[in-house]
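Q: Data file target-v4.cif (mmCIF, N, CA and C atoms) is appended below.
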data_final
#
loop_
_atom_site.label_atom_id
_atom_site.label_comp_id
_atom_site.auth_asym_id
_atom_site.auth_seq_id
_atom_site.Cartn_x
_atom_site.Cartn_y
_atom_site.Cartn_z
N MET A 1 -59.22 -84.56 -20.15
CA MET A 1 -60.18 -84.25 -19.12
C MET A 1 -60.01 -82.79 -18.72
N GLN A 2 -61.09 -82.11 -18.56
CA GLN A 2 -61.07 -80.73 -18.08
C GLN A 2 -62.13 -80.56 -17.00
N ARG A 3 -61.84 -79.76 -16.02
CA ARG A 3 -62.79 -79.44 -14.95
C ARG A 3 -62.89 -77.92 -14.86
N LYS A 4 -64.06 -77.42 -14.48
CA LYS A 4 -64.27 -75.98 -14.46
C LYS A 4 -64.79 -75.49 -13.12
N ALA A 5 -64.41 -74.28 -12.80
CA ALA A 5 -64.97 -73.54 -11.67
C ALA A 5 -65.06 -72.09 -12.10
N THR A 6 -66.02 -71.38 -11.54
CA THR A 6 -66.22 -69.98 -11.89
C THR A 6 -66.19 -69.13 -10.64
N ALA A 7 -65.45 -68.04 -10.72
CA ALA A 7 -65.42 -67.06 -9.63
C ALA A 7 -66.02 -65.76 -10.14
N ILE A 8 -66.89 -65.17 -9.33
CA ILE A 8 -67.47 -63.86 -9.63
C ILE A 8 -67.09 -62.94 -8.48
N TRP A 9 -66.46 -61.80 -8.81
CA TRP A 9 -66.04 -60.82 -7.79
C TRP A 9 -66.74 -59.50 -8.08
N GLN A 10 -67.25 -58.87 -7.03
CA GLN A 10 -67.91 -57.58 -7.18
C GLN A 10 -67.33 -56.61 -6.18
N GLY A 11 -66.86 -55.44 -6.67
CA GLY A 11 -66.35 -54.40 -5.79
C GLY A 11 -64.84 -54.41 -5.67
N GLY A 12 -64.36 -53.54 -4.80
CA GLY A 12 -62.93 -53.43 -4.55
C GLY A 12 -62.41 -54.58 -3.71
N LEU A 13 -61.11 -54.60 -3.49
CA LEU A 13 -60.48 -55.72 -2.79
C LEU A 13 -61.00 -55.91 -1.37
N LYS A 14 -60.94 -54.86 -0.56
CA LYS A 14 -61.28 -55.03 0.86
C LYS A 14 -62.78 -55.03 1.14
N GLU A 15 -63.55 -54.25 0.42
CA GLU A 15 -64.99 -54.18 0.69
C GLU A 15 -65.80 -55.07 -0.24
N GLY A 16 -65.18 -55.60 -1.26
CA GLY A 16 -65.87 -56.42 -2.24
C GLY A 16 -66.18 -57.81 -1.72
N LYS A 17 -66.87 -58.55 -2.56
CA LYS A 17 -67.19 -59.93 -2.20
C LYS A 17 -67.33 -60.73 -3.48
N GLY A 18 -67.25 -62.04 -3.31
CA GLY A 18 -67.36 -62.89 -4.48
C GLY A 18 -67.99 -64.22 -4.15
N THR A 19 -68.23 -64.98 -5.21
CA THR A 19 -68.73 -66.34 -5.07
C THR A 19 -67.93 -67.25 -5.99
N ILE A 20 -67.83 -68.49 -5.56
CA ILE A 20 -67.16 -69.53 -6.35
C ILE A 20 -68.15 -70.66 -6.55
N SER A 21 -68.23 -71.14 -7.80
CA SER A 21 -69.10 -72.27 -8.12
C SER A 21 -68.30 -73.27 -8.94
N THR A 22 -68.57 -74.56 -8.72
CA THR A 22 -67.90 -75.59 -9.50
C THR A 22 -68.88 -76.24 -10.46
N GLU A 23 -68.33 -76.76 -11.52
CA GLU A 23 -69.12 -77.40 -12.57
C GLU A 23 -69.96 -78.55 -11.99
N SER A 24 -69.41 -79.28 -11.02
CA SER A 24 -70.12 -80.41 -10.43
C SER A 24 -71.29 -79.98 -9.54
N GLY A 25 -71.27 -78.71 -9.12
CA GLY A 25 -72.30 -78.21 -8.23
C GLY A 25 -71.98 -78.40 -6.75
N THR A 26 -70.82 -79.01 -6.46
CA THR A 26 -70.43 -79.19 -5.06
C THR A 26 -70.29 -77.84 -4.37
N LEU A 27 -69.69 -76.90 -5.06
CA LEU A 27 -69.68 -75.52 -4.59
C LEU A 27 -70.64 -74.75 -5.47
N LYS A 28 -71.59 -74.07 -4.85
CA LYS A 28 -72.56 -73.31 -5.63
C LYS A 28 -72.70 -71.94 -4.98
N GLN A 29 -72.15 -70.96 -5.67
CA GLN A 29 -72.14 -69.58 -5.17
C GLN A 29 -71.64 -69.53 -3.72
N THR A 30 -70.52 -70.23 -3.47
CA THR A 30 -69.90 -70.24 -2.16
C THR A 30 -69.17 -68.91 -1.96
N GLN A 31 -69.46 -68.25 -0.87
CA GLN A 31 -68.98 -66.91 -0.60
C GLN A 31 -67.48 -66.89 -0.28
N TYR A 32 -66.79 -65.89 -0.81
CA TYR A 32 -65.41 -65.59 -0.41
C TYR A 32 -65.21 -64.09 -0.46
N SER A 33 -64.25 -63.62 0.33
CA SER A 33 -64.02 -62.18 0.43
C SER A 33 -62.62 -61.93 1.00
N PHE A 34 -62.28 -60.67 1.13
CA PHE A 34 -61.01 -60.30 1.76
C PHE A 34 -60.95 -60.88 3.17
N SER A 35 -62.06 -60.78 3.90
CA SER A 35 -62.05 -61.25 5.29
C SER A 35 -61.94 -62.77 5.38
N THR A 36 -62.45 -63.52 4.39
CA THR A 36 -62.30 -64.97 4.45
C THR A 36 -60.90 -65.40 4.03
N ARG A 37 -60.19 -64.52 3.35
CA ARG A 37 -58.84 -64.85 2.90
C ARG A 37 -57.78 -64.38 3.87
N PHE A 38 -57.92 -63.18 4.38
CA PHE A 38 -56.86 -62.60 5.20
C PHE A 38 -57.22 -62.44 6.67
N GLU A 39 -58.46 -62.72 7.00
CA GLU A 39 -58.91 -62.64 8.39
C GLU A 39 -59.62 -63.95 8.70
N ASN A 40 -60.62 -63.94 9.52
CA ASN A 40 -61.33 -65.18 9.84
C ASN A 40 -62.81 -65.07 9.52
N GLY A 41 -63.12 -64.50 8.38
CA GLY A 41 -64.52 -64.35 7.98
C GLY A 41 -65.15 -65.68 7.59
N VAL A 42 -66.47 -65.68 7.48
CA VAL A 42 -67.22 -66.88 7.11
C VAL A 42 -67.22 -67.03 5.60
N GLY A 43 -66.83 -68.18 5.13
CA GLY A 43 -66.74 -68.45 3.69
C GLY A 43 -65.45 -69.18 3.40
N THR A 44 -65.12 -69.28 2.15
CA THR A 44 -63.91 -69.99 1.76
C THR A 44 -62.88 -69.02 1.21
N ASN A 45 -61.78 -69.52 0.70
CA ASN A 45 -60.75 -68.70 0.06
C ASN A 45 -59.92 -69.60 -0.85
N PRO A 46 -59.17 -69.00 -1.78
CA PRO A 46 -58.41 -69.82 -2.72
C PRO A 46 -57.43 -70.78 -2.06
N GLU A 47 -56.78 -70.35 -0.98
CA GLU A 47 -55.79 -71.22 -0.33
C GLU A 47 -56.44 -72.44 0.31
N GLU A 48 -57.61 -72.25 0.92
CA GLU A 48 -58.33 -73.37 1.52
C GLU A 48 -58.74 -74.38 0.43
N LEU A 49 -59.17 -73.87 -0.71
CA LEU A 49 -59.55 -74.75 -1.81
C LEU A 49 -58.35 -75.49 -2.37
N LEU A 50 -57.20 -74.81 -2.44
CA LEU A 50 -55.97 -75.48 -2.88
C LEU A 50 -55.55 -76.55 -1.88
N ALA A 51 -55.69 -76.26 -0.59
CA ALA A 51 -55.35 -77.25 0.44
C ALA A 51 -56.24 -78.48 0.29
N ALA A 52 -57.53 -78.28 0.07
CA ALA A 52 -58.45 -79.41 -0.13
C ALA A 52 -58.06 -80.21 -1.36
N ALA A 53 -57.73 -79.52 -2.44
CA ALA A 53 -57.33 -80.20 -3.68
C ALA A 53 -56.05 -81.00 -3.47
N HIS A 54 -55.07 -80.42 -2.76
CA HIS A 54 -53.80 -81.11 -2.56
C HIS A 54 -53.98 -82.33 -1.66
N ALA A 55 -54.74 -82.18 -0.57
CA ALA A 55 -54.97 -83.30 0.34
C ALA A 55 -55.68 -84.44 -0.38
N GLY A 56 -56.71 -84.12 -1.15
CA GLY A 56 -57.46 -85.14 -1.88
C GLY A 56 -56.63 -85.83 -2.95
N CYS A 57 -55.88 -85.05 -3.69
CA CYS A 57 -55.05 -85.60 -4.76
C CYS A 57 -53.96 -86.50 -4.17
N PHE A 58 -53.31 -86.03 -3.11
CA PHE A 58 -52.24 -86.80 -2.47
C PHE A 58 -52.77 -88.13 -1.95
N ALA A 59 -53.92 -88.11 -1.27
CA ALA A 59 -54.48 -89.33 -0.70
C ALA A 59 -54.79 -90.36 -1.80
N MET A 60 -55.34 -89.88 -2.91
CA MET A 60 -55.63 -90.79 -4.02
C MET A 60 -54.34 -91.33 -4.63
N ALA A 61 -53.35 -90.47 -4.83
CA ALA A 61 -52.07 -90.89 -5.40
C ALA A 61 -51.38 -91.90 -4.47
N LEU A 62 -51.44 -91.66 -3.17
CA LEU A 62 -50.83 -92.58 -2.22
C LEU A 62 -51.55 -93.93 -2.23
N SER A 63 -52.86 -93.93 -2.32
CA SER A 63 -53.60 -95.18 -2.39
C SER A 63 -53.13 -96.01 -3.59
N ASN A 64 -52.91 -95.35 -4.70
CA ASN A 64 -52.42 -96.03 -5.90
C ASN A 64 -51.01 -96.57 -5.69
N GLU A 65 -50.14 -95.76 -5.10
CA GLU A 65 -48.75 -96.19 -4.84
C GLU A 65 -48.72 -97.36 -3.87
N LEU A 66 -49.58 -97.33 -2.86
CA LEU A 66 -49.64 -98.43 -1.90
C LEU A 66 -50.10 -99.71 -2.57
N ALA A 67 -51.09 -99.61 -3.46
CA ALA A 67 -51.58 -100.79 -4.19
C ALA A 67 -50.45 -101.41 -5.01
N THR A 68 -49.66 -100.55 -5.65
CA THR A 68 -48.52 -101.03 -6.43
C THR A 68 -47.52 -101.78 -5.55
N ALA A 69 -47.40 -101.35 -4.28
CA ALA A 69 -46.48 -101.98 -3.33
C ALA A 69 -47.14 -103.14 -2.58
N GLY A 70 -48.38 -103.50 -2.95
CA GLY A 70 -49.05 -104.64 -2.34
C GLY A 70 -49.73 -104.35 -1.02
N MET A 71 -50.07 -103.09 -0.76
CA MET A 71 -50.72 -102.72 0.48
C MET A 71 -52.05 -102.03 0.20
N THR A 72 -53.05 -102.30 1.05
CA THR A 72 -54.36 -101.66 0.92
C THR A 72 -54.68 -100.94 2.22
N PRO A 73 -54.86 -99.62 2.17
CA PRO A 73 -55.15 -98.89 3.40
C PRO A 73 -56.60 -99.06 3.85
N ASN A 74 -56.79 -99.13 5.16
CA ASN A 74 -58.14 -99.00 5.71
C ASN A 74 -58.56 -97.54 5.62
N LYS A 75 -57.59 -96.66 5.92
CA LYS A 75 -57.90 -95.22 5.94
C LYS A 75 -56.61 -94.42 5.77
N LEU A 76 -56.68 -93.41 4.92
CA LEU A 76 -55.62 -92.41 4.77
C LEU A 76 -56.23 -91.06 5.10
N GLU A 77 -55.68 -90.38 6.07
CA GLU A 77 -56.17 -89.04 6.42
C GLU A 77 -55.05 -88.04 6.14
N ALA A 78 -55.24 -87.24 5.12
CA ALA A 78 -54.25 -86.25 4.70
C ALA A 78 -54.80 -84.86 4.95
N THR A 79 -54.07 -84.06 5.72
CA THR A 79 -54.46 -82.68 5.98
C THR A 79 -53.38 -81.78 5.39
N ALA A 80 -53.75 -80.98 4.40
CA ALA A 80 -52.79 -80.09 3.75
C ALA A 80 -52.91 -78.69 4.35
N THR A 81 -51.76 -78.08 4.56
CA THR A 81 -51.69 -76.70 5.04
C THR A 81 -50.95 -75.87 4.00
N ILE A 82 -51.64 -74.91 3.42
CA ILE A 82 -51.06 -74.02 2.42
C ILE A 82 -50.55 -72.76 3.13
N THR A 83 -49.33 -72.36 2.81
CA THR A 83 -48.75 -71.14 3.39
C THR A 83 -48.75 -70.04 2.34
N LEU A 84 -49.41 -68.93 2.67
CA LEU A 84 -49.44 -67.73 1.83
C LEU A 84 -48.61 -66.68 2.54
N GLU A 85 -47.57 -66.18 1.87
CA GLU A 85 -46.66 -65.21 2.50
C GLU A 85 -46.55 -63.95 1.64
N LYS A 86 -46.36 -62.84 2.33
CA LYS A 86 -46.12 -61.57 1.64
C LYS A 86 -44.74 -61.61 1.03
N GLN A 87 -44.65 -61.25 -0.23
CA GLN A 87 -43.37 -61.17 -0.94
C GLN A 87 -43.38 -59.90 -1.76
N GLY A 88 -42.51 -58.97 -1.38
CA GLY A 88 -42.48 -57.69 -2.08
C GLY A 88 -43.80 -56.98 -1.94
N ASN A 89 -44.39 -56.58 -3.07
CA ASN A 89 -45.67 -55.87 -3.07
C ASN A 89 -46.87 -56.80 -3.15
N GLY A 90 -46.61 -58.10 -3.20
CA GLY A 90 -47.72 -59.04 -3.36
C GLY A 90 -47.61 -60.22 -2.41
N PHE A 91 -48.26 -61.29 -2.77
CA PHE A 91 -48.27 -62.50 -1.97
C PHE A 91 -47.91 -63.69 -2.85
N ALA A 92 -47.41 -64.75 -2.21
CA ALA A 92 -47.09 -65.97 -2.94
C ALA A 92 -47.40 -67.18 -2.05
N ILE A 93 -47.84 -68.24 -2.67
CA ILE A 93 -47.98 -69.51 -1.97
C ILE A 93 -46.59 -70.13 -1.97
N THR A 94 -46.04 -70.29 -0.77
CA THR A 94 -44.65 -70.74 -0.65
C THR A 94 -44.51 -72.18 -0.21
N LYS A 95 -45.55 -72.75 0.40
CA LYS A 95 -45.45 -74.11 0.91
C LYS A 95 -46.80 -74.80 0.91
N SER A 96 -46.73 -76.11 0.77
CA SER A 96 -47.88 -76.97 1.04
C SER A 96 -47.34 -78.13 1.85
N HIS A 97 -47.83 -78.26 3.07
CA HIS A 97 -47.39 -79.35 3.95
C HIS A 97 -48.56 -80.28 4.21
N ILE A 98 -48.30 -81.56 4.11
CA ILE A 98 -49.34 -82.56 4.35
C ILE A 98 -49.00 -83.36 5.60
N ASP A 99 -49.94 -83.38 6.54
CA ASP A 99 -49.86 -84.28 7.69
C ASP A 99 -50.69 -85.49 7.34
N LEU A 100 -50.07 -86.65 7.39
CA LEU A 100 -50.70 -87.89 6.96
C LEU A 100 -50.78 -88.87 8.12
N THR A 101 -51.95 -89.43 8.32
CA THR A 101 -52.12 -90.56 9.23
C THR A 101 -52.67 -91.71 8.39
N ALA A 102 -51.95 -92.84 8.43
CA ALA A 102 -52.31 -93.98 7.58
C ALA A 102 -52.58 -95.21 8.43
N ASP A 103 -53.71 -95.84 8.18
CA ASP A 103 -54.06 -97.11 8.81
C ASP A 103 -53.99 -98.17 7.72
N ILE A 104 -52.90 -98.95 7.76
CA ILE A 104 -52.66 -99.94 6.71
C ILE A 104 -52.30 -101.27 7.38
N PRO A 105 -53.23 -102.20 7.43
CA PRO A 105 -52.94 -103.49 8.07
C PRO A 105 -51.75 -104.19 7.42
N GLY A 106 -50.82 -104.66 8.25
CA GLY A 106 -49.67 -105.42 7.76
C GLY A 106 -48.69 -104.62 6.93
N ALA A 107 -48.66 -103.31 7.09
CA ALA A 107 -47.81 -102.45 6.25
C ALA A 107 -46.33 -102.69 6.53
N ASN A 108 -45.55 -102.59 5.48
CA ASN A 108 -44.09 -102.58 5.57
C ASN A 108 -43.68 -101.11 5.62
N ASN A 109 -43.02 -100.69 6.70
CA ASN A 109 -42.71 -99.27 6.90
C ASN A 109 -41.85 -98.70 5.77
N ASP A 110 -40.84 -99.42 5.32
CA ASP A 110 -39.97 -98.91 4.25
C ASP A 110 -40.74 -98.73 2.95
N LYS A 111 -41.58 -99.72 2.62
CA LYS A 111 -42.40 -99.60 1.40
C LYS A 111 -43.42 -98.48 1.54
N PHE A 112 -43.96 -98.31 2.75
CA PHE A 112 -44.90 -97.22 3.03
C PHE A 112 -44.24 -95.87 2.78
N LEU A 113 -43.05 -95.67 3.36
CA LEU A 113 -42.36 -94.37 3.20
C LEU A 113 -41.98 -94.12 1.75
N ALA A 114 -41.60 -95.15 1.02
CA ALA A 114 -41.27 -94.99 -0.40
C ALA A 114 -42.53 -94.60 -1.19
N ALA A 115 -43.66 -95.20 -0.85
CA ALA A 115 -44.93 -94.86 -1.52
C ALA A 115 -45.33 -93.42 -1.22
N VAL A 116 -45.13 -92.99 0.02
CA VAL A 116 -45.42 -91.60 0.40
C VAL A 116 -44.59 -90.65 -0.44
N LYS A 117 -43.30 -90.93 -0.60
CA LYS A 117 -42.41 -90.06 -1.37
C LYS A 117 -42.85 -89.99 -2.83
N ARG A 118 -43.23 -91.13 -3.39
CA ARG A 118 -43.68 -91.13 -4.80
C ARG A 118 -44.98 -90.34 -4.95
N ALA A 119 -45.89 -90.47 -3.99
CA ALA A 119 -47.15 -89.72 -4.05
C ALA A 119 -46.90 -88.22 -3.87
N GLU A 120 -45.96 -87.88 -2.99
CA GLU A 120 -45.63 -86.47 -2.73
C GLU A 120 -45.20 -85.76 -4.00
N THR A 121 -44.39 -86.42 -4.80
CA THR A 121 -43.90 -85.78 -6.03
C THR A 121 -44.75 -86.11 -7.26
N GLY A 122 -45.53 -87.19 -7.19
CA GLY A 122 -46.27 -87.64 -8.37
C GLY A 122 -47.70 -87.18 -8.47
N CYS A 123 -48.29 -86.72 -7.37
CA CYS A 123 -49.68 -86.27 -7.43
C CYS A 123 -49.76 -85.05 -8.35
N PRO A 124 -50.75 -85.00 -9.25
CA PRO A 124 -50.85 -83.89 -10.20
C PRO A 124 -50.92 -82.51 -9.56
N VAL A 125 -51.54 -82.39 -8.39
CA VAL A 125 -51.59 -81.08 -7.73
C VAL A 125 -50.20 -80.69 -7.23
N SER A 126 -49.43 -81.65 -6.72
CA SER A 126 -48.05 -81.36 -6.31
C SER A 126 -47.25 -80.83 -7.49
N LYS A 127 -47.46 -81.43 -8.65
CA LYS A 127 -46.73 -81.01 -9.85
C LYS A 127 -47.10 -79.58 -10.26
N LEU A 128 -48.29 -79.15 -9.90
CA LEU A 128 -48.76 -77.81 -10.25
C LEU A 128 -48.08 -76.72 -9.43
N PHE A 129 -47.83 -77.02 -8.16
CA PHE A 129 -47.28 -76.00 -7.25
C PHE A 129 -45.82 -75.70 -7.55
N LYS A 130 -45.48 -74.40 -7.49
CA LYS A 130 -44.09 -73.96 -7.53
C LYS A 130 -43.74 -73.55 -6.11
N ALA A 131 -43.89 -74.48 -5.20
CA ALA A 131 -43.71 -74.21 -3.78
C ALA A 131 -43.05 -75.42 -3.14
N GLU A 132 -42.54 -75.23 -1.94
CA GLU A 132 -41.99 -76.33 -1.18
C GLU A 132 -43.13 -77.26 -0.77
N ILE A 133 -42.95 -78.55 -1.00
CA ILE A 133 -43.96 -79.53 -0.63
C ILE A 133 -43.32 -80.52 0.34
N THR A 134 -43.94 -80.70 1.50
CA THR A 134 -43.43 -81.64 2.50
C THR A 134 -44.58 -82.49 3.02
N VAL A 135 -44.21 -83.67 3.54
CA VAL A 135 -45.18 -84.58 4.13
C VAL A 135 -44.61 -85.10 5.44
N THR A 136 -45.42 -85.11 6.47
CA THR A 136 -45.08 -85.76 7.73
C THR A 136 -45.98 -86.99 7.85
N PRO A 137 -45.41 -88.18 7.55
CA PRO A 137 -46.24 -89.39 7.59
C PRO A 137 -46.27 -90.03 8.97
N LYS A 138 -47.40 -90.59 9.32
CA LYS A 138 -47.56 -91.33 10.56
C LYS A 138 -48.30 -92.62 10.22
N LEU A 139 -47.62 -93.72 10.42
CA LEU A 139 -48.22 -95.02 10.18
C LEU A 139 -48.70 -95.55 11.51
N LEU A 140 -49.99 -95.83 11.60
CA LEU A 140 -50.54 -96.36 12.85
C LEU A 140 -49.93 -97.74 13.11
N ALA A 141 -49.92 -98.14 14.38
CA ALA A 141 -49.32 -99.41 14.76
C ALA A 141 -49.79 -100.53 13.84
N MET A 142 -48.82 -101.25 13.32
CA MET A 142 -49.14 -102.32 12.38
C MET A 142 -49.77 -103.48 13.14
N ARG A 143 -50.85 -104.02 12.55
CA ARG A 143 -51.55 -105.13 13.20
C ARG A 143 -51.22 -106.42 12.52
#
Can you present the structure in this file as structure tokens?

A:
Amino acid sequence: MQRKATAIWQGGLKEGKGTISTESGTLKQTQYSFSTRFENGVGTNPEELLAAAHAGCFAMALSNELATAGMTPNKLEATATITLEKQGNGFAITKSHIDLTADIPGANNDKFLAAVKRAETGCPVSKLFKAEITVTPKLLAMR
């Protein structure tokens, strides 16, 4: 399986601008620029897209791990935060942290935490990152 996205950049780093489009059409000439990456401009940026990819991948991987453990979630809400830090003359993505809220009727907390750990290391996006990956799980009151 292969998936594609295209980025077009025009101009220099600070005054230039670009667009990102995905093969599926979900993103179509979505604007990004220096200000959307390093300031608070309108548009997206690579780190935001990586955060979305990591949150989505983790949630799907966790759903699979929970099924294997005999649990079915009503809802998994994963919010990923990507950290971009200056290193030397450049920048590096150093961390991806996921805040997780899980609504799983009748969940076993130990099995839940084990499933979270397996999803944290087993999700394909986690495997891609050469960064610290952490998860703060929150299991809603078991009913």

Q: Apply the PyMOL selection byres ((chain A and resi 102) around 7) to the displayed file and report the matching residues as a VMD selection string.

A: chain A and resid 73 to 77 100 to 101 103 to 104 137 to 140

Q: Go ahead and write the selection's residues with N, CA and C atoms as a CSV table (one decimal), in the coordinates of the input.

A:
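Now in selection.csv:
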chain,number,residue,atom,x,y,z
A,73,PRO,N,-54.9,-99.6,2.2
A,73,PRO,CA,-55.2,-98.9,3.4
A,73,PRO,C,-56.6,-99.1,3.8
A,74,ASN,N,-56.8,-99.1,5.2
A,74,ASN,CA,-58.1,-99.0,5.7
A,74,ASN,C,-58.6,-97.5,5.6
A,75,LYS,N,-57.6,-96.7,5.9
A,75,LYS,CA,-57.9,-95.2,5.9
A,75,LYS,C,-56.6,-94.4,5.8
A,76,LEU,N,-56.7,-93.4,4.9
A,76,LEU,CA,-55.6,-92.4,4.8
A,76,LEU,C,-56.2,-91.1,5.1
A,77,GLU,N,-55.7,-90.4,6.1
A,77,GLU,CA,-56.2,-89.0,6.4
A,77,GLU,C,-55.0,-88.0,6.1
A,100,LEU,N,-50.1,-86.6,7.4
A,100,LEU,CA,-50.7,-87.9,7.0
A,100,LEU,C,-50.8,-88.9,8.1
A,101,THR,N,-52.0,-89.4,8.3
A,101,THR,CA,-52.1,-90.6,9.2
A,101,THR,C,-52.7,-91.7,8.4
A,103,ASP,N,-53.7,-95.8,8.2
A,103,ASP,CA,-54.1,-97.1,8.8
A,103,ASP,C,-54.0,-98.2,7.7
A,104,ILE,N,-52.9,-99.0,7.8
A,104,ILE,CA,-52.7,-99.9,6.7
A,104,ILE,C,-52.3,-101.3,7.4
A,137,PRO,N,-45.4,-88.2,7.6
A,137,PRO,CA,-46.2,-89.4,7.6
A,137,PRO,C,-46.3,-90.0,9.0
A,138,LYS,N,-47.4,-90.6,9.3
A,138,LYS,CA,-47.6,-91.3,10.6
A,138,LYS,C,-48.3,-92.6,10.2
A,139,LEU,N,-47.6,-93.7,10.4
A,139,LEU,CA,-48.2,-95.0,10.2
A,139,LEU,C,-48.7,-95.6,11.5
A,140,LEU,N,-50.0,-95.8,11.6
A,140,LEU,CA,-50.5,-96.4,12.8
A,140,LEU,C,-49.9,-97.7,13.1

Q: So which residues of region 32-141 of chain A fall under alpha helix (DSSP H) by DSSP, listed as number ranges by chain?

A: A: 34-38, 46-68, 109-122, 124-128

Q: Between A:Val116, A:Gln31, A:Ala78, A:Ala5, which one has atoms that come closest to Lys17 (chain A), using only N, CA and C atoms?

A: A:Gln31

Q: Pick from A:Phe34, A:Gly70, A:Leu50, A:Glu65: nearest to Ala107 (chain A), with all atoms listed in the file counted?

A: A:Gly70

Q: Applying 6 Å and all atoms listed in the file, which residues near His97 (chain A) remain after dropping the ones on its own chain fewer than 2 positions away? List them as a PyMOL selection string.

A: chain A and resi 79-82+95+99+133-135

Q: What does the distance from CA of Ser24 (chain A) to CA of Phe58 (chain A) come to in Å, to one decimal?

A: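 Computed distance, CA of Ser24 (chain A) to CA of Phe58 (chain A), equals 20.6 Å.
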
Q: Using the chain letters and numbering of this document, enumerate as a ChimeraX atom specification the residues selected by the PyMOL selection byres ((chain A and resi 123) around 8).

A: /A:57-62,117-122,124-128

Q: Just to confirm, what's the straight-line distance from CA of Ser35 (chain A) to CA of Lys14 (chain A) in Å (one decimal)?

A: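 Interatomic distance, CA of Ser35 (chain A) to CA of Lys14 (chain A): 7.7 Å.
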
Q: Name the residues that the PyMOL selection byres (((chain A and resi 131 and name CA) around 7) and name CA) pulls out of this structure, and write them as a list in words.

A: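 This file gives the following for the PyMOL selection byres (((chain A and resi 131 and name CA) around 7) and name CA): Ile93, Thr94, Lys95, Ser96, Phe129, Lys130, Glu132 and Ile133 of chain A.
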
Q: What is the distance between atom N of Tyr32 (chain A) and CA of Met1 (chain A), in Å to one decimal?

A: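 Straight-line distance from atom N of Tyr32 (chain A) to CA of Met1 (chain A) works out to 26.8 Å.
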
Q: So which one's closest to Thr36 (chain A), A:Ala55, A:Ser21, A:Gly16, A:Lys111? Using only C-alpha atoms, please.

A: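 Going through A:Ala55, A:Ser21, A:Gly16, A:Lys111 one by one, the smallest distance to Thr36 (chain A) is for A:Gly16.
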
Q: Among chain A, which residues carry a DSSP assignment of strand (DSSP E or B), reported as a ChimeraX atom specification?

A: /A:5-10,17-22,30-33,44,75-87,90-103,132-139

Q: Which is closest to His54 (chain A) among A:Asn40, A:Thr22, A:Ile98, A:Phe91, if we use all atoms listed in the file?

A: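 Under the stated criterion, the closest residue is A:Ile98.
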
Q: Would it be fine to have region 75-85 of chain A, with N, CA, C and O atoms, given as a PDB file, in the first residue's frame?

A:
ATOM      1  N   LYS A  75     -15.690   5.160  22.698  1.00  0.00           N
ATOM      2  CA  LYS A  75     -14.991   6.315  22.118  1.00  0.00           C
ATOM      3  C   LYS A  75     -13.551   6.346  22.623  1.00  0.00           C
ATOM      4  O   LYS A  75     -13.292   6.150  23.806  1.00  0.00           O
ATOM      5  N   LEU A  76     -12.635   6.602  21.707  1.00  0.00           N
ATOM      6  CA  LEU A  76     -11.228   6.865  22.027  1.00  0.00           C
ATOM      7  C   LEU A  76     -10.905   8.244  21.490  1.00  0.00           C
ATOM      8  O   LEU A  76     -11.064   8.483  20.292  1.00  0.00           O
ATOM      9  N   GLU A  77     -10.484   9.137  22.347  1.00  0.00           N
ATOM     10  CA  GLU A  77     -10.091  10.480  21.907  1.00  0.00           C
ATOM     11  C   GLU A  77      -8.601  10.653  22.174  1.00  0.00           C
ATOM     12  O   GLU A  77      -8.171  10.737  23.326  1.00  0.00           O
ATOM     13  N   ALA A  78      -7.830  10.682  21.111  1.00  0.00           N
ATOM     14  CA  ALA A  78      -6.372  10.810  21.202  1.00  0.00           C
ATOM     15  C   ALA A  78      -5.955  12.155  20.634  1.00  0.00           C
ATOM     16  O   ALA A  78      -6.282  12.474  19.487  1.00  0.00           O
ATOM     17  N   THR A  79      -5.252  12.940  21.433  1.00  0.00           N
ATOM     18  CA  THR A  79      -4.733  14.229  20.985  1.00  0.00           C
ATOM     19  C   THR A  79      -3.215  14.162  21.032  1.00  0.00           C
ATOM     20  O   THR A  79      -2.632  13.991  22.107  1.00  0.00           O
ATOM     21  N   ALA A  80      -2.578  14.266  19.877  1.00  0.00           N
ATOM     22  CA  ALA A  80      -1.120  14.196  19.804  1.00  0.00           C
ATOM     23  C   ALA A  80      -0.545  15.608  19.771  1.00  0.00           C
ATOM     24  O   ALA A  80      -1.075  16.493  19.093  1.00  0.00           O
ATOM     25  N   THR A  81       0.539  15.784  20.502  1.00  0.00           N
ATOM     26  CA  THR A  81       1.280  17.047  20.513  1.00  0.00           C
ATOM     27  C   THR A  81       2.698  16.763  20.040  1.00  0.00           C
ATOM     28  O   THR A  81       3.424  15.995  20.680  1.00  0.00           O
ATOM     29  N   ILE A  82       3.067  17.350  18.924  1.00  0.00           N
ATOM     30  CA  ILE A  82       4.407  17.193  18.357  1.00  0.00           C
ATOM     31  C   ILE A  82       5.275  18.353  18.850  1.00  0.00           C
ATOM     32  O   ILE A  82       4.850  19.509  18.802  1.00  0.00           O
ATOM     33  N   THR A  83       6.477  18.035  19.314  1.00  0.00           N
ATOM     34  CA  THR A  83       7.413  19.062  19.766  1.00  0.00           C
ATOM     35  C   THR A  83       8.517  19.232  18.731  1.00  0.00           C
ATOM     36  O   THR A  83       9.217  18.278  18.394  1.00  0.00           O
ATOM     37  N   LEU A  84       8.651  20.460  18.229  1.00  0.00           N
ATOM     38  CA  LEU A  84       9.707  20.836  17.290  1.00  0.00           C
ATOM     39  C   LEU A  84      10.665  21.735  18.050  1.00  0.00           C
ATOM     40  O   LEU A  84      10.260  22.758  18.598  1.00  0.00           O
ATOM     41  N   GLU A  85      11.937  21.337  18.127  1.00  0.00           N
ATOM     42  CA  GLU A  85      12.924  22.103  18.895  1.00  0.00           C
ATOM     43  C   GLU A  85      14.120  22.461  18.031  1.00  0.00           C
ATOM     44  O   GLU A  85      14.505  21.700  17.135  1.00  0.00           O
TER      45      GLU A  85
END
